[in-house]
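Chemist: Here it is, the structure in full.
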Amino acid sequence: KNPDAYKEACNLLKSLGLKEFGVIGIFYDRPGEVPEDKLRYSVGIYKLNKGFPDPPTKELEKYCKDNNYYMADLPSASSIYSDWEFSNSFTMMMGIVKFYKKLNNNLSDPSLRQTYKLSKEFKPKVCIEIFKSEAKLEFHVPYVDADKFLVYKKEDDKPKSQ
């Protein structure tokens with residue numbers, strides 16, 4: 001719902017030449033359960049670490065400090081997964097709406113809950129959207145260690161999420 005944050009993250013990747021990075025959104029509330037103006041989320045950039053993580057570049061550290069953004073280490077976590085290939089922003093939004101509708105339907109399916117060993121009370125704490133390219137979006141819904149993805153800060157809190 002906030003294309004400005006997404007655009008800022010994309011521009012950061014281009015301006016700092018961060019080719020190994022991508023754009024990530026972490027959503028903490030579910031549309032329909034929380035009023036739209038109260039939905040919480042974090043949008044930023046990410047780099048998948050394999051093995052020992054590389055330290056951030058001095059340029060990136062300076063940008064984050066100058067703009068009151070912060071860095072967080074996110075864990076690997078067992079997740080419900082899906083992806084969506086799109087050709088433009090309209091088909092991207094179609095995929096997002098379709099995913100969440102299907103997720104809601106599937107979470108009431110006993111066989112899915114049994115496959116993933118989800119309790120009857122399980123409700124996703126976070127939903128993660130990773131933009132793998134300009135035409136592919138991945139969805140991850142952690143059901144193990146989901147609390148470790150709660151990096152949300154209010155707009156008036158310092159530092160901002162990025």
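Starting from 1 in every chain, residues are counted up; chains themselves are A, B, ... following the order of the structure tokens, and ligands are numbered from 1 as listed.
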Could you pull out the alpha helix (DSSP H) residues of chain A from DSSP and send them as a PyMOL selection string?
Modeler: chain A and resi 3-15+58-66+89-106+110-115
Chemist: Using only C-alpha atoms, which protein or nucleic acid residues come within 9 Å of Leu39 of chain A? Drop anything in the same chain fewer than 5 positions from it, and give the result as a list in words.
Modeler: Phe27, Tyr28, Asp29, Arg30, Pro31 and Val34 of chain A
Chemist: Near Lys47 of chain A, within 7 Å and counting only C-alpha atoms, which residues show up once chain neighbours fewer than 3 positions away are dropped, as a PyMOL selection string?
Modeler: chain A and resi 20-22
Chemist: Calculated over only C-alpha atoms, which of the candidates A:Asp54, A:Glu36, A:Glu138, A:Asp66 has the smallest distance to Ser82 of chain A?
Modeler: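 Result for the nearest residue to Ser82 of chain A: A:Glu138.
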Chemist: Restricting the calculation to only C-alpha atoms: of A:Pro124, A:Pro56, A:Pro110, A:Pro142, which residue gets closest to Leu18 of chain A?
Modeler: A:Pro56
Chemist: Enter the distance from atom CA of Gly17 of chain A to atom CA of Asn88 of chain A, in Å, rounded to one decimal.
Modeler: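 Atom-to-atom, atom CA of Gly17 of chain A and atom CA of Asn88 of chain A are spaced 23.5 Å apart.
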Chemist: Rank A:Asp37, A:Glu61, A:Glu121, A:Asp4 by their smallest atom-to-atom distance to Tyr143 of chain A, using only C-alpha atoms, and report the top residue only.
Modeler: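 Nearest candidate to Tyr143 of chain A out of A:Asp37, A:Glu61, A:Glu121, A:Asp4: A:Glu121.
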Chemist: Just the residues within 12 Å of Val97 of chain A, please, counting only C-alpha atoms, with nothing from its chain fewer than 6 positions along; format it as a list of chain:residue names.
Modeler: A:Lys1, A:Arg30, A:Pro31, A:Trp84, A:Phe90, A:Thr91, A:Leu103, A:Asn104, A:Phe139
Chemist: Could you write out the selected residues, including N, CA, C and O atoms, as a PDB file, in the first residue's frame?
Modeler:
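This went into selection-v1.pdb:
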```pdb
ATOM      1  N   LYS A   1       0.819  -1.211   0.000  1.00  0.00           N
ATOM      2  CA  LYS A   1       0.000   0.000   0.000  1.00  0.00           C
ATOM      3  C   LYS A   1       0.851   1.258   0.000  1.00  0.00           C
ATOM      4  O   LYS A   1       0.333   2.334  -0.127  1.00  0.00           O
ATOM      5  N   ARG A  30      -3.168  -8.003   9.156  1.00  0.00           N
ATOM      6  CA  ARG A  30      -3.889  -8.551   8.016  1.00  0.00           C
ATOM      7  C   ARG A  30      -4.995  -7.590   7.599  1.00  0.00           C
ATOM      8  O   ARG A  30      -5.821  -7.190   8.424  1.00  0.00           O
ATOM      9  N   PRO A  31      -4.993  -7.219   6.308  1.00  0.00           N
ATOM     10  CA  PRO A  31      -6.080  -6.369   5.815  1.00  0.00           C
ATOM     11  C   PRO A  31      -7.431  -7.024   6.110  1.00  0.00           C
ATOM     12  O   PRO A  31      -7.576  -8.238   6.028  1.00  0.00           O
ATOM     13  N   TRP A  84       4.977 -15.442  -7.391  1.00  0.00           N
ATOM     14  CA  TRP A  84       4.093 -14.890  -8.418  1.00  0.00           C
ATOM     15  C   TRP A  84       4.946 -14.141  -9.426  1.00  0.00           C
ATOM     16  O   TRP A  84       5.736 -13.284  -9.039  1.00  0.00           O
ATOM     17  N   PHE A  90      -0.107  -3.730 -12.154  1.00  0.00           N
ATOM     18  CA  PHE A  90      -1.468  -4.245 -12.016  1.00  0.00           C
ATOM     19  C   PHE A  90      -1.450  -5.750 -11.760  1.00  0.00           C
ATOM     20  O   PHE A  90      -2.106  -6.242 -10.832  1.00  0.00           O
ATOM     21  N   THR A  91      -0.675  -6.497 -12.571  1.00  0.00           N
ATOM     22  CA  THR A  91      -0.637  -7.948 -12.372  1.00  0.00           C
ATOM     23  C   THR A  91       0.107  -8.303 -11.089  1.00  0.00           C
ATOM     24  O   THR A  91      -0.171  -9.338 -10.478  1.00  0.00           O
ATOM     25  N   LEU A 103      -4.254 -17.801   0.918  1.00  0.00           N
ATOM     26  CA  LEU A 103      -3.684 -18.129   2.226  1.00  0.00           C
ATOM     27  C   LEU A 103      -4.787 -18.239   3.268  1.00  0.00           C
ATOM     28  O   LEU A 103      -4.828 -19.203   4.039  1.00  0.00           O
ATOM     29  N   ASN A 104      -5.679 -17.270   3.309  1.00  0.00           N
ATOM     30  CA  ASN A 104      -6.780 -17.295   4.279  1.00  0.00           C
ATOM     31  C   ASN A 104      -7.632 -18.544   4.108  1.00  0.00           C
ATOM     32  O   ASN A 104      -8.003 -19.196   5.094  1.00  0.00           O
ATOM     33  N   PHE A 139       6.451 -14.960  -1.578  1.00  0.00           N
ATOM     34  CA  PHE A 139       5.716 -14.790  -0.331  1.00  0.00           C
ATOM     35  C   PHE A 139       6.211 -15.840   0.654  1.00  0.00           C
ATOM     36  O   PHE A 139       6.313 -17.018   0.309  1.00  0.00           O
TER      37      PHE A 139
END
```
Chemist: Between A:Gly25, A:Gly44, A:Pro35, A:Gly51, which is the closest to Tyr70 of chain A once you count only C-alpha atoms?
Modeler: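 Once distances to Tyr70 of chain A are computed over only C-alpha atoms, the minimum belongs to A:Gly44.
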Chemist: Looking only at the backbone, which of the residues in chain A does DSSP tag as strand (DSSP E or B), as a VMD selection string?
Modeler: chain A and resid 22 to 27 31 34 41 to 46 69 to 70 79 to 85 127 to 133 136 to 142 160 to 161
Chemist: Since we have the selection now, will you write its residues out, keeping N, CA and C atoms, as a short mmCIF file (atom, residue, chain, number, x, y, z; two decimals), in the first residue's frame?
Modeler:
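In the end it all went to selection_34.cif:
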```cif
data_model
loop_
_atom_site.label_atom_id
_atom_site.label_comp_id
_atom_site.auth_asym_id
_atom_site.auth_seq_id
_atom_site.Cartn_x
_atom_site.Cartn_y
_atom_site.Cartn_z
N GLY A 22 18.07 -7.03 -2.61
CA GLY A 22 16.73 -6.98 -3.16
C GLY A 22 15.83 -6.18 -2.23
N VAL A 23 14.57 -6.06 -2.60
CA VAL A 23 13.59 -5.31 -1.81
C VAL A 23 12.72 -6.31 -1.04
N ILE A 24 12.44 -5.98 0.22
CA ILE A 24 11.65 -6.85 1.09
C ILE A 24 10.58 -6.02 1.80
N GLY A 25 9.42 -6.61 1.97
CA GLY A 25 8.36 -6.01 2.78
C GLY A 25 7.93 -7.03 3.83
N ILE A 26 7.83 -6.58 5.07
CA ILE A 26 7.36 -7.44 6.16
C ILE A 26 6.08 -6.82 6.69
N PHE A 27 5.00 -7.59 6.64
CA PHE A 27 3.68 -7.09 7.00
C PHE A 27 3.22 -7.75 8.29
N PRO A 31 -4.99 -7.22 6.31
CA PRO A 31 -6.08 -6.37 5.82
C PRO A 31 -7.43 -7.02 6.11
N VAL A 34 -7.60 -5.25 10.51
CA VAL A 34 -7.09 -3.99 11.06
C VAL A 34 -7.45 -2.90 10.07
N TYR A 41 3.86 -2.20 8.74
CA TYR A 41 4.74 -2.93 7.85
C TYR A 41 6.11 -2.27 7.85
N SER A 42 7.08 -3.01 7.39
CA SER A 42 8.43 -2.48 7.19
C SER A 42 8.81 -2.78 5.74
N VAL A 43 9.39 -1.82 5.08
CA VAL A 43 9.89 -2.01 3.72
C VAL A 43 11.37 -1.66 3.75
N GLY A 44 12.16 -2.47 3.08
CA GLY A 44 13.58 -2.18 3.08
C GLY A 44 14.31 -2.99 2.04
N ILE A 45 15.59 -3.11 2.24
CA ILE A 45 16.42 -3.90 1.34
C ILE A 45 16.99 -5.06 2.14
N TYR A 46 17.35 -6.13 1.43
CA TYR A 46 17.90 -7.29 2.11
C TYR A 46 19.01 -7.89 1.26
N TYR A 69 17.68 5.08 9.41
CA TYR A 69 17.25 3.71 9.15
C TYR A 69 18.10 2.78 9.99
N TYR A 70 17.63 1.57 10.17
CA TYR A 70 18.42 0.62 10.95
C TYR A 70 18.53 -0.70 10.21
N SER A 79 8.73 -21.77 6.56
CA SER A 79 7.66 -20.88 6.11
C SER A 79 6.76 -21.57 5.10
N ILE A 80 5.54 -21.09 5.06
CA ILE A 80 4.65 -21.40 3.94
C ILE A 80 5.14 -20.50 2.81
N TYR A 81 5.27 -21.05 1.61
CA TYR A 81 5.91 -20.32 0.52
C TYR A 81 5.05 -20.34 -0.75
N SER A 82 5.11 -19.25 -1.48
CA SER A 82 4.52 -19.17 -2.81
C SER A 82 5.27 -18.09 -3.58
N ASP A 83 5.10 -18.08 -4.89
CA ASP A 83 5.68 -16.98 -5.68
C ASP A 83 4.71 -16.59 -6.79
N TRP A 84 4.98 -15.44 -7.39
CA TRP A 84 4.09 -14.89 -8.42
C TRP A 84 4.95 -14.14 -9.43
N GLU A 85 4.80 -14.51 -10.68
CA GLU A 85 5.48 -13.78 -11.75
C GLU A 85 4.48 -12.79 -12.33
N CYS A 127 3.86 -11.66 7.40
CA CYS A 127 3.91 -12.14 6.02
C CYS A 127 5.02 -11.35 5.34
N ILE A 128 5.88 -12.05 4.64
CA ILE A 128 7.05 -11.43 4.04
C ILE A 128 6.92 -11.50 2.52
N GLU A 129 7.12 -10.37 1.88
CA GLU A 129 7.13 -10.30 0.42
C GLU A 129 8.54 -9.92 -0.01
N ILE A 130 9.14 -10.75 -0.84
CA ILE A 130 10.48 -10.49 -1.35
C ILE A 130 10.40 -10.31 -2.86
N PHE A 131 10.86 -9.17 -3.32
CA PHE A 131 10.88 -8.90 -4.75
C PHE A 131 12.17 -9.48 -5.30
N LYS A 132 12.07 -10.66 -5.95
CA LYS A 132 13.24 -11.35 -6.45
C LYS A 132 13.78 -10.71 -7.73
N SER A 133 12.92 -10.04 -8.45
CA SER A 133 13.32 -9.34 -9.67
C SER A 133 12.23 -8.34 -9.99
N LYS A 136 9.19 -10.89 -10.49
CA LYS A 136 8.89 -12.04 -9.63
C LYS A 136 8.85 -11.63 -8.17
N LEU A 137 7.80 -12.08 -7.50
CA LEU A 137 7.58 -11.79 -6.08
C LEU A 137 7.43 -13.10 -5.33
N GLU A 138 8.13 -13.21 -4.19
CA GLU A 138 8.00 -14.40 -3.34
C GLU A 138 7.26 -14.02 -2.07
N PHE A 139 6.45 -14.96 -1.58
CA PHE A 139 5.72 -14.79 -0.33
C PHE A 139 6.21 -15.84 0.65
N HIS A 140 6.52 -15.42 1.87
CA HIS A 140 6.93 -16.32 2.93
C HIS A 140 6.09 -16.01 4.17
N VAL A 141 5.50 -17.03 4.75
CA VAL A 141 4.73 -16.88 5.98
C VAL A 141 5.37 -17.79 7.02
N PRO A 142 6.28 -17.24 7.85
CA PRO A 142 6.98 -18.08 8.82
C PRO A 142 6.02 -18.67 9.85
N LYS A 160 13.84 4.89 11.78
CA LYS A 160 12.81 4.35 10.90
C LYS A 160 13.24 2.98 10.41
N SER A 161 12.29 2.21 9.94
CA SER A 161 12.58 0.89 9.41
C SER A 161 13.06 1.00 7.97
#
```
Chemist: Select, from A:Cys10, A:Leu60, A:Val151, A:Met93, the residue with the minimum atom-to-atom distance to Pro75 of chain A, counting only C-alpha atoms.
Modeler: A:Val151
Chemist: To one decimal place in Å, what is the distance between atom CA of Ala72 of chain A and atom CA of Gly95 of chain A?
Modeler: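 These atoms are spaced 27.5 Å apart.
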Chemist: Between A:Leu107, A:Leu48, A:Ile96, A:Cys64, single out the one closest to Leu12 of chain A, counting only C-alpha atoms.
Modeler: A:Cys64
Chemist: List as a list of chain:residue names the protein and nucleic acid residues near Lys120 of chain A, meaning an atom at most 9 Å away when only C-alpha atoms are counted, but skip any in the same chain fewer than 3 places from it.
Modeler: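 Here the answer would be A:Ser108, A:Pro110, A:Arg113, A:Lys123.
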Chemist: Keeping only N, CA and C atoms, write those residues as a tab-separated table (two decimals), in the first residue's frame.
Modeler:
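Final output, out_31.tsv:
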```
chain	number	residue	atom	x	y	z
A	108	SER	N	-7.63	-22.59	6.72
A	108	SER	CA	-8.76	-23.28	7.35
A	108	SER	C	-8.85	-24.73	6.87
A	110	PRO	N	-7.80	-28.42	7.02
A	110	PRO	CA	-7.12	-29.31	7.98
A	110	PRO	C	-5.90	-30.03	7.38
A	113	ARG	N	-2.93	-27.70	7.49
A	113	ARG	CA	-2.48	-27.56	8.88
A	113	ARG	C	-1.73	-28.82	9.33
A	123	LYS	N	-2.16	-18.43	13.72
A	123	LYS	CA	-2.46	-17.28	12.86
A	123	LYS	C	-1.11	-16.67	12.52
```
Chemist: Wanna dump the segment 50-136 of chain A-segment 145-148 of chain A contacts at 8 Å for me, each residue with its shortest atom pair and the distance in Å to one decimal, counting only C-alpha atoms, ordered by chain and number, as a Markdown table?
Modeler:
```
| residue | atom | partner | partner_atom | distance |
| --- | --- | --- | --- | --- |
| A:Leu74 | CA | A:Lys148 | CA | 6.8 |
| A:Pro75 | CA | A:Lys148 | CA | 7.0 |
| A:Ala77 | CA | A:Asp145 | CA | 6.1 |
| A:Ser78 | CA | A:Asp145 | CA | 7.9 |
| A:Lys125 | CA | A:Ala146 | CA | 6.4 |
| A:Val126 | CA | A:Ala146 | CA | 6.7 |
```
